[in-house]
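Here's protein.csv, which has CSV, C-alpha atoms:
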```
chain,number,residue,atom,x,y,z
A,1,MET,CA,40.1,1.0,35.4
A,2,SER,CA,43.2,-1.0,36.5
A,3,ALA,CA,43.5,-4.7,36.9
A,4,PRO,CA,43.3,-6.2,40.3
A,5,LEU,CA,46.8,-6.8,41.6
A,6,SER,CA,47.7,-10.4,42.4
A,7,ALA,CA,50.8,-12.5,42.4
A,8,ASP,CA,49.2,-15.1,40.1
A,9,LEU,CA,47.8,-12.6,37.6
A,10,ALA,CA,49.4,-12.0,34.3
A,11,GLN,CA,48.5,-8.8,32.6
A,12,ILE,CA,48.5,-7.7,29.0
A,13,GLY,CA,48.4,-3.9,29.0
A,14,LYS,CA,46.6,-1.4,26.8
A,15,SER,CA,49.3,-0.9,24.2
A,16,VAL,CA,50.2,-4.6,23.8
A,17,VAL,CA,49.2,-6.6,20.7
A,18,ILE,CA,49.6,-10.3,20.7
A,19,LYS,CA,48.9,-12.7,17.8
A,20,GLY,CA,49.2,-16.4,18.3
A,21,GLU,CA,48.4,-19.1,20.9
A,22,LEU,CA,48.3,-18.2,24.6
A,23,SER,CA,48.2,-20.8,27.3
A,24,GLY,CA,49.1,-20.8,30.9
A,25,SER,CA,48.4,-21.8,34.5
A,26,GLU,CA,47.7,-18.4,36.0
A,27,ASP,CA,44.9,-15.9,35.7
A,28,LEU,CA,45.1,-13.5,32.8
A,29,TYR,CA,43.9,-9.9,32.5
A,30,VAL,CA,43.8,-8.6,28.9
A,31,ASP,CA,43.5,-4.9,28.4
A,32,GLY,CA,45.3,-4.9,25.0
A,33,GLN,CA,44.7,-6.8,21.8
A,34,VAL,CA,44.9,-10.6,21.5
A,35,GLU,CA,44.3,-12.5,18.3
A,36,GLY,CA,44.5,-16.3,18.0
A,37,SER,CA,43.6,-18.7,20.9
A,38,ILE,CA,43.7,-18.6,24.7
A,39,ALA,CA,43.8,-21.7,26.8
A,40,LEU,CA,43.7,-21.3,30.6
A,41,LYS,CA,42.1,-24.6,31.6
A,42,ASN,CA,42.1,-24.1,35.4
A,43,ASN,CA,42.3,-20.3,35.5
A,44,SER,CA,40.4,-17.2,34.6
A,45,LEU,CA,40.5,-14.7,31.8
A,46,THR,CA,39.4,-11.1,32.2
A,47,VAL,CA,39.0,-8.9,29.2
A,48,GLY,CA,39.4,-5.4,30.5
A,49,PRO,CA,37.4,-2.4,29.3
A,50,ASN,CA,40.0,-1.5,26.7
A,51,GLY,CA,40.7,-5.2,25.8
A,52,THR,CA,39.9,-6.6,22.3
A,53,VAL,CA,40.2,-10.3,22.0
A,54,LYS,CA,39.6,-12.2,18.7
A,55,ALA,CA,40.2,-15.7,19.7
A,56,THR,CA,38.8,-19.0,20.7
A,57,VAL,CA,38.9,-19.1,24.5
A,58,GLU,CA,39.0,-21.9,26.9
A,59,ALA,CA,39.2,-21.1,30.6
A,60,LYS,CA,37.7,-21.9,34.0
A,61,ALA,CA,36.1,-18.4,34.3
A,62,ILE,CA,35.7,-15.7,31.7
A,63,VAL,CA,34.9,-12.1,32.6
A,64,VAL,CA,34.3,-9.7,29.8
A,65,GLN,CA,34.3,-5.9,30.1
A,66,GLY,CA,35.6,-5.1,26.6
A,67,LYS,CA,35.3,-6.8,23.2
A,68,LEU,CA,35.5,-10.5,22.6
A,69,GLU,CA,35.0,-12.1,19.2
A,70,GLY,CA,35.2,-15.9,19.1
A,71,ASN,CA,33.7,-19.0,20.6
A,72,VAL,CA,34.3,-19.4,24.4
A,73,GLN,CA,34.2,-22.4,26.6
A,74,ALA,CA,34.2,-21.9,30.4
A,75,SER,CA,34.2,-24.9,32.7
A,76,ASP,CA,32.8,-22.8,35.6
A,77,ARG,CA,31.3,-19.4,34.6
A,78,VAL,CA,31.1,-16.5,32.2
A,79,GLU,CA,30.3,-13.0,33.3
A,80,LEU,CA,29.4,-10.3,30.7
A,81,ARG,CA,29.7,-6.9,32.3
A,82,LYS,CA,27.6,-3.9,31.1
A,83,SER,CA,30.3,-2.7,28.7
A,84,ALA,CA,30.9,-6.2,27.1
A,85,VAL,CA,30.5,-6.7,23.4
A,86,VAL,CA,30.7,-10.4,22.6
A,87,THR,CA,30.3,-12.0,19.2
A,88,GLY,CA,30.5,-15.8,19.4
A,89,ASP,CA,29.1,-18.9,21.0
A,90,ILE,CA,29.3,-19.4,24.8
A,91,ALA,CA,29.4,-22.8,26.4
A,92,THR,CA,29.5,-22.7,30.2
A,93,GLN,CA,28.0,-24.0,33.4
A,94,ARG,CA,26.9,-20.6,34.7
A,95,ILE,CA,26.4,-17.3,33.1
A,96,SER,CA,25.7,-13.8,34.3
A,97,ILE,CA,24.9,-10.9,32.0
A,98,GLU,CA,24.6,-7.3,33.1
A,99,GLU,CA,22.0,-5.0,31.6
A,100,GLY,CA,23.7,-3.2,28.7
A,101,ALA,CA,25.9,-6.1,27.6
A,102,TYR,CA,25.7,-7.0,23.9
A,103,LEU,CA,25.8,-10.6,22.7
A,104,LYS,CA,25.6,-12.0,19.2
A,105,GLY,CA,25.8,-15.7,19.5
A,106,LYS,CA,24.5,-18.8,21.3
A,107,VAL,CA,24.4,-19.5,25.0
A,108,ASP,CA,24.7,-23.2,25.8
A,109,ILE,CA,24.5,-24.1,29.5
A,110,GLN,CA,26.3,-27.4,30.0
A,111,GLY,CA,26.5,-29.8,32.9
A,112,LYS,CA,29.7,-29.9,35.0
A,113,ASP,CA,31.4,-32.7,33.1
A,114,LYS,CA,30.6,-31.4,29.6
A,115,ALA,CA,31.6,-27.8,30.5
A,116,ALA,CA,34.9,-29.1,31.8
A,117,GLY,CA,35.4,-30.9,28.4
A,118,LYS,CA,35.4,-34.4,30.0
B,119,MET,CA,13.3,32.9,25.3
B,120,ALA,CA,16.7,33.0,27.1
B,121,SER,CA,15.9,29.8,29.0
B,122,VAL,CA,14.8,28.1,25.8
B,123,THR,CA,18.1,29.0,24.2
B,124,GLN,CA,19.9,27.9,27.3
B,125,ASN,CA,18.1,24.5,27.3
B,126,PHE,CA,18.7,24.1,23.6
B,127,MET,CA,22.4,24.8,24.0
B,128,LYS,CA,22.6,22.3,26.8
B,129,LEU,CA,21.9,19.6,24.2
B,130,PHE,CA,25.2,20.4,22.6
B,131,ARG,CA,27.2,21.2,25.7
B,132,GLY,CA,25.8,18.7,28.1
B,133,SER,CA,24.0,19.9,31.2
B,134,SER,CA,27.0,19.6,33.4
B,135,GLY,CA,29.4,21.2,31.0
B,136,GLY,CA,31.9,18.5,31.9
B,137,THR,CA,33.8,16.1,29.7
B,138,GLU,CA,32.2,12.9,30.9
B,139,ALA,CA,29.6,11.1,28.8
B,140,ALA,CA,26.1,12.0,29.9
B,141,THR,CA,24.6,9.2,32.0
B,142,PRO,CA,21.5,7.9,30.3
B,143,GLN,CA,18.5,7.8,32.6
B,144,PRO,CA,17.3,4.2,33.3
B,145,ALA,CA,14.4,3.4,31.0
B,146,ALA,CA,11.0,2.9,32.7
B,147,LYS,CA,9.7,-0.7,32.4
B,148,LEU,CA,6.2,-1.7,31.6
B,149,THR,CA,4.6,-5.1,31.7
B,150,ARG,CA,2.2,-6.5,29.2
B,151,ARG,CA,0.4,-9.8,28.7
B,152,SER,CA,1.2,-11.6,25.5
B,153,SER,CA,-1.2,-14.1,24.1
B,154,GLY,CA,1.4,-15.2,21.4
B,155,LEU,CA,4.0,-15.8,24.1
B,156,GLY,CA,1.4,-17.8,26.1
B,157,GLU,CA,0.8,-20.0,23.1
B,158,LEU,CA,4.5,-20.5,22.6
B,159,SER,CA,5.0,-21.4,26.3
B,160,ARG,CA,3.3,-24.8,25.6
B,161,LEU,CA,6.4,-25.6,23.5
B,162,TRP,CA,9.0,-24.8,26.2
B,163,ASP,CA,7.0,-26.5,28.9
B,164,ALA,CA,7.4,-29.7,26.9
B,165,ASP,CA,10.3,-32.0,27.9
B,166,SER,CA,12.4,-31.7,24.7
B,167,PRO,CA,15.0,-28.9,24.7
B,168,MET,CA,14.5,-26.3,22.0
B,169,THR,CA,16.7,-24.0,20.1
B,170,VAL,CA,15.4,-20.4,20.2
B,171,LEU,CA,16.6,-17.3,18.3
B,172,ASP,CA,15.9,-14.0,20.0
B,173,LEU,CA,16.2,-11.1,17.6
B,174,GLY,CA,15.8,-8.3,20.1
B,175,SER,CA,18.3,-6.4,22.2
B,176,THR,CA,20.4,-8.7,24.3
B,177,SER,CA,18.2,-9.6,27.2
B,178,PRO,CA,19.7,-11.1,30.4
B,179,ALA,CA,16.1,-12.1,31.4
B,180,ASN,CA,15.4,-14.0,28.2
B,181,ILE,CA,18.8,-15.8,28.3
B,182,ARG,CA,18.1,-16.8,31.9
B,183,PHE,CA,14.5,-17.8,31.1
B,184,PHE,CA,15.6,-20.2,28.4
B,185,THR,CA,18.8,-21.5,29.8
B,186,GLU,CA,17.0,-22.4,33.1
B,187,GLY,CA,14.6,-24.5,31.0
B,188,SER,CA,17.6,-26.3,29.4
B,189,HIS,CA,16.9,-24.7,26.0
B,190,LYS,CA,19.6,-23.3,23.8
B,191,ILE,CA,19.2,-19.6,23.0
B,192,TYR,CA,20.8,-17.5,20.3
B,193,SER,CA,20.8,-13.7,20.6
B,194,GLU,CA,21.2,-11.4,17.7
B,195,ASP,CA,20.2,-7.7,17.6
B,196,LEU,CA,19.2,-7.1,14.0
B,197,LEU,CA,18.1,-3.5,14.5
B,198,VAL,CA,21.5,-2.5,15.8
B,199,ALA,CA,23.2,-4.6,13.1
B,200,SER,CA,21.2,-2.7,10.4
B,201,THR,CA,22.8,0.6,11.5
B,202,GLU,CA,26.3,-0.5,10.3
B,203,PRO,CA,27.4,2.3,7.9
B,204,HIS,CA,29.0,0.0,5.4
B,205,LEU,CA,25.5,-1.3,4.5
B,206,VAL,CA,24.4,2.0,2.9
B,207,THR,CA,24.3,1.8,-0.9
B,208,LYS,CA,22.2,3.1,-3.8
B,209,ASP,CA,19.6,1.2,-5.8
B,210,GLU,CA,19.2,1.4,-9.6
B,211,GLN,CA,17.1,4.6,-9.3
B,212,GLY,CA,19.8,6.2,-7.1
B,213,ALA,CA,17.8,6.0,-3.9
B,214,VAL,CA,19.7,5.3,-0.7
B,215,VAL,CA,19.0,1.8,0.6
B,216,LEU,CA,20.6,-0.8,2.7
B,217,ASP,CA,22.5,-3.6,1.0
B,218,SER,CA,20.4,-6.7,2.0
B,219,ARG,CA,22.9,-9.2,0.5
B,220,ARG,CA,25.7,-7.8,2.6
B,221,PHE,CA,23.4,-7.7,5.6
B,222,LEU,CA,22.5,-11.3,5.2
B,223,ALA,CA,26.2,-12.2,4.7
B,224,ASP,CA,27.0,-10.8,8.1
B,225,ASN,CA,23.8,-11.7,10.0
B,226,LEU,CA,21.4,-14.6,10.5
B,227,VAL,CA,24.1,-17.0,9.3
B,228,TYR,CA,22.7,-20.3,10.5
B,229,PRO,CA,22.2,-23.8,9.1
B,230,ALA,CA,18.8,-24.4,7.4
B,231,ALA,CA,16.0,-25.6,9.7
B,232,HIS,CA,18.0,-24.9,12.8
B,233,PHE,CA,15.5,-23.2,15.2
B,234,ASP,CA,12.3,-24.3,16.9
B,235,VAL,CA,11.3,-20.7,17.7
B,236,VAL,CA,12.2,-17.3,16.5
B,237,LEU,CA,11.3,-14.3,18.6
B,238,CYS,CA,11.0,-11.4,16.2
B,239,TRP,CA,9.3,-9.0,18.6
B,240,ASN,CA,8.7,-5.6,16.8
B,241,LEU,CA,11.6,-6.0,14.3
B,242,PRO,CA,9.6,-5.7,11.1
B,243,ASP,CA,8.0,-2.4,12.1
B,244,TYR,CA,11.4,-0.7,12.8
B,245,LEU,CA,13.7,-2.4,10.2
B,246,ASP,CA,14.6,-0.6,7.1
B,247,GLU,CA,12.3,-1.3,4.2
B,248,SER,CA,15.0,-2.8,2.0
B,249,LEU,CA,15.8,-5.5,4.6
B,250,VAL,CA,12.3,-6.6,5.7
B,251,ARG,CA,11.5,-9.2,3.0
B,252,PRO,CA,15.1,-10.6,2.7
B,253,VAL,CA,15.2,-11.0,6.5
B,254,MET,CA,11.8,-12.8,6.6
B,255,GLY,CA,12.9,-15.1,3.8
B,256,ARG,CA,16.1,-16.0,5.7
B,257,LEU,CA,14.0,-16.6,8.9
B,258,TRP,CA,11.8,-19.0,7.0
B,259,SER,CA,14.8,-21.0,5.9
B,260,VAL,CA,16.4,-21.2,9.4
B,261,LEU,CA,13.2,-22.3,11.1
B,262,LYS,CA,12.5,-26.0,11.3
B,263,PRO,CA,9.3,-27.2,9.5
B,264,GLY,CA,6.7,-26.7,12.2
B,265,GLY,CA,8.8,-24.1,13.9
B,266,MET,CA,7.1,-20.9,15.1
B,267,LEU,CA,7.9,-17.2,14.8
B,268,LEU,CA,6.4,-14.5,17.0
B,269,ALA,CA,6.2,-10.9,15.8
B,270,PHE,CA,4.5,-7.8,16.9
B,271,PHE,CA,3.0,-5.2,14.6
B,272,HIS,CA,1.6,-1.8,15.5
B,273,THR,CA,-1.9,-0.8,14.3
B,274,LYS,CA,-2.3,2.6,12.7
B,275,ASP,CA,-3.7,3.9,15.9
B,276,ALA,CA,-0.3,3.5,17.6
B,277,GLY,CA,0.9,6.7,15.8
B,278,PRO,CA,4.2,7.4,14.0
B,279,ASP,CA,6.1,8.1,17.2
B,280,SER,CA,5.4,4.8,18.8
B,281,PRO,CA,8.6,4.0,20.8
B,282,CYS,CA,10.8,1.0,20.1
B,283,TYR,CA,10.9,-1.4,23.1
B,284,ARG,CA,13.1,-4.2,24.3
B,285,PHE,CA,11.2,-7.2,25.4
B,286,HIS,CA,12.1,-9.3,28.5
B,287,ILE,CA,10.2,-12.5,29.2
B,288,ILE,CA,9.2,-12.5,32.9
B,289,GLY,CA,6.5,-15.2,32.9
B,290,LYS,CA,4.7,-17.7,30.7
B,291,ASP,CA,2.6,-15.0,29.0
B,292,THR,CA,4.1,-11.8,30.5
B,293,LEU,CA,6.6,-9.5,29.0
B,294,GLU,CA,8.5,-6.6,30.5
B,295,MET,CA,8.9,-3.8,28.0
B,296,GLN,CA,11.8,-1.4,28.2
B,297,ARG,CA,11.9,1.6,26.0
B,298,ILE,CA,15.1,1.9,24.1
B,299,VAL,CA,16.5,5.2,25.4
B,300,LEU,CA,18.2,7.9,23.5
B,301,LYS,CA,21.9,7.5,23.8
B,302,ARG,CA,24.1,10.6,24.3
B,303,GLU,CA,27.8,10.5,23.9
B,304,ALA,CA,30.1,13.3,24.7
B,305,ARG,CA,33.5,13.5,23.1
B,306,ARG,CA,36.3,16.0,23.2
B,307,GLY,CA,37.1,17.2,19.7
B,308,PRO,CA,40.5,18.2,18.2
B,309,THR,CA,40.1,21.8,19.5
B,310,GLY,CA,39.3,20.6,23.0
B,311,ALA,CA,35.6,21.5,22.7
B,312,VAL,CA,33.1,18.9,23.9
B,313,HIS,CA,30.7,17.6,21.3
B,314,THR,CA,27.6,15.8,22.3
B,315,ALA,CA,26.0,13.5,19.8
B,316,ILE,CA,22.4,12.4,20.3
B,317,ASN,CA,21.3,9.1,18.8
B,318,GLU,CA,17.7,9.4,17.8
B,319,GLY,CA,17.0,5.7,18.4
B,320,PHE,CA,14.7,3.7,16.2
B,321,ARG,CA,11.6,5.1,14.5
B,322,LEU,CA,8.6,3.3,13.3
B,323,GLN,CA,9.1,2.7,9.6
B,324,ARG,CA,5.7,1.7,8.5
B,325,VAL,CA,2.4,0.2,9.7
B,326,PHE,CA,1.5,-3.2,8.2
B,327,ASN,CA,-2.2,-3.9,7.7
B,328,ASN,CA,-3.4,-7.5,8.0
B,329,ARG,CA,-3.1,-8.1,4.2
B,330,HIS,CA,0.5,-6.8,4.3
B,331,ILE,CA,1.3,-9.2,7.2
B,332,GLU,CA,-0.2,-12.1,5.4
B,333,THR,CA,1.8,-11.3,2.3
B,334,LEU,CA,5.0,-11.0,4.3
B,335,PHE,CA,4.5,-14.5,5.7
B,336,ARG,CA,3.0,-16.0,2.6
B,337,ASP,CA,5.6,-18.8,2.5
B,338,PHE,CA,4.7,-20.0,6.0
B,339,ALA,CA,2.1,-22.7,6.6
B,340,SER,CA,-0.2,-20.9,9.0
B,341,ILE,CA,-0.7,-17.5,10.6
B,342,LYS,CA,-2.6,-16.5,13.7
B,343,PHE,CA,-3.4,-13.0,14.9
B,344,PHE,CA,-3.9,-11.8,18.4
B,345,LEU,CA,-5.2,-8.2,18.9
B,346,ALA,CA,-3.8,-6.6,22.0
B,347,ARG,CA,-5.1,-3.6,23.9
B,348,ASP,CA,-2.0,-1.5,23.3
B,349,ASN,CA,-2.5,-1.0,19.5
B,350,VAL,CA,-0.3,-4.0,18.8
B,351,ARG,CA,-1.2,-7.1,16.8
B,352,GLU,CA,0.7,-10.2,17.8
B,353,VAL,CA,1.3,-12.6,15.0
B,354,LEU,CA,2.3,-16.2,15.5
B,355,VAL,CA,3.3,-18.0,12.3
B,356,VAL,CA,4.2,-21.6,11.7
B,357,ARG,CA,6.6,-22.7,9.0
```
Structure encoded using structure tokens:
Amino acid sequence: MSAPLSADLAQIGKSVVIKGELSGSEDLYVDGQVEGSIALKNNSLTVGPNGTVKATVEAKAIVVQGKLEGNVQASDRVELRKSAVVTGDIATQRISIEEGAYLKGKVDIQGKDKAAGK
Amino acid sequence: MASVTQNFMKLFRGSSGGTEAATPQPAAKLTRRSSGLGELSRLWDADSPMTVLDLGSTSPANIRFFTEGSHKIYSEDLLVASTEPHLVTKDEQGAVVLDSRRFLADNLVYPAAHFDVVLCWNLPDYLDESLVRPVMGRLWSVLKPGGMLLAFFHTKDAGPDSPCYRFHIIGKDTLEMQRIVLKREARRGPTGAVHTAINEGFRLQRVFNNRHIETLFRDFASIKFFLARDNVREVLVVR
């Protein structure tokens, strides 16, 4: 499955491994490996089916198709697709979880201000 | 005979003979009334938000049910966690067991007295013998005093092949039960041949009688039994 093409979408491909802090002001698609932290306050993170993320994540929207280990905070929404394997706590305003997704952790639905970290 | 052999070989080759993973058939869902859940529902109808631990397979329905009620829900599938190969060890007699210390180092790691409710479902019946008591001990410690735990136990009439279900809350005292289906995975080996592995799923490990159940929860303050029609006893215990 390839990432949706968009001018404002940064992509980390299958063979790429990144360790450290990632931050930015555009949407990010991760199909490789990321370890550390990801901060995309007003943008979305998509972990592709081949993606493995071990990081604390802060984003507007987070969509997971692959593996994500770490606590996540989304000011808008979190989507766990059927192939998602998530280990960590989720704090968000809205969440959708497809049948077959795996979650080990807490789900905390927060009000708009709290989810946005205000 | 030929057709039997053919069908048997299909298990290994996959019915399509292709290289794609066999698509599991959607599991049929049944509904059942749960008196234990009905009793618990008085808690989540109250105004104060609760912290709930669901020990079954990740259930979108349960997560939705509790988050819509402004409760916090933790999800942790202990049966799947107990299949980690690194847990296998041998005891002093040389028998193969699961390492409960290692299991509890990786799972159920929460502060003491953290949860108002623990939904155990049918976990004790399907969990490996070496993990049952250590897990129940840990659950006692993570429950708040006065907190409640719901567990289901088969009666002996249920039979040894009683299927393992996932439980989805669809009403105050109503559960949807979804059988955990056999998982087939097809992989291409080094020679290019396609190998299909079949996961047998979870088998009933034992049948607890009432005295066993009372012993299992002896550290808890009270225990209440509900006998259901489907050869299952529901047990609600209070720490």
Can you build me a table of chain A residues sitting at most 10 Å from chain B, with the closest atom pair per residue and its distance in Å to one decimal, using only C-alpha atoms, sorted by chain and residue number, as CSV?
```
residue,atom,partner,partner_atom,distance
A:Leu80,CA,B:Pro178,CA,9.7
A:Thr87,CA,B:Glu194,CA,9.2
A:Gly88,CA,B:Tyr192,CA,9.9
A:Asp89,CA,B:Tyr192,CA,8.4
A:Ile90,CA,B:Tyr192,CA,9.8
A:Arg94,CA,B:Thr185,CA,9.5
A:Ile95,CA,B:Arg182,CA,8.4
A:Ser96,CA,B:Pro178,CA,7.6
A:Ile97,CA,B:Pro178,CA,5.4
A:Glu98,CA,B:Pro178,CA,6.8
A:Glu99,CA,B:Pro178,CA,6.6
A:Gly100,CA,B:Thr176,CA,7.8
A:Ala101,CA,B:Thr176,CA,6.9
A:Tyr102,CA,B:Thr176,CA,5.6
A:Leu103,CA,B:Thr176,CA,5.9
A:Lys104,CA,B:Glu194,CA,4.7
A:Gly105,CA,B:Tyr192,CA,5.4
A:Lys106,CA,B:Tyr192,CA,4.0
A:Val107,CA,B:Ile191,CA,5.6
A:Asp108,CA,B:Lys190,CA,5.5
A:Ile109,CA,B:Thr185,CA,6.3
A:Gln110,CA,B:Ser188,CA,8.8
```
So how many Å separate atom CA of B:Phe183 and atom CA of B:Ile287, to one decimal? 7.1 Å
Give me, please, the distance in Å between atom CA of B:Val350 and atom CA of B:Phe271, quoted to one decimal. 5.5 Å
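When the distance limit is 12 Å and all atoms listed in the file are what count, the residues near A:Ser44, minus those fewer than 5 positions from it on the same chain, are A:Asp8, A:Leu9, A:Ala10, A:Gln11, A:Ser23, A:Gly24, A:Ser25, A:Glu26, A:Asp27, A:Leu28, A:Tyr29, A:Val30, A:Ile38, A:Ala39, A:Val57, A:Glu58, A:Ala59, A:Lys60, A:Ala61, A:Ile62, A:Val63, A:Val64, A:Gln73, A:Ala74, A:Ser75, A:Asp76, A:Arg77, A:Val78, A:Glu79.
Going from atom CA of B:Ser153 over to atom CA of B:Asn180, you cover 17.1 Å.
Comparing B:Gly187, B:Gly319, B:Gly265, B:Pro281 by their smallest distance to B:Phe338, the closest is B:Gly265 (using all atoms listed in the file).
Each of A:Glu21, A:Ala84, A:Gly70, A:Ser15 was compared to A:Val47 using all atoms listed in the file, and A:Ala84 turns out to be the nearest.
The smallest atom-to-atom distance between B:Leu216 and any of B:Glu247, B:Asp234, B:Asp163, B:Glu294, using all atoms listed in the file, is found for B:Glu247.
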All residues 7 Å or closer to stretch 260-263 of chain B, only C-alpha atoms, same chain fewer than 6 positions away omitted, as a list of chain:residue names: B:Tyr228, B:Pro229, B:Ala230, B:Ala231, B:His232, B:Phe233, B:Asp234, B:Arg357
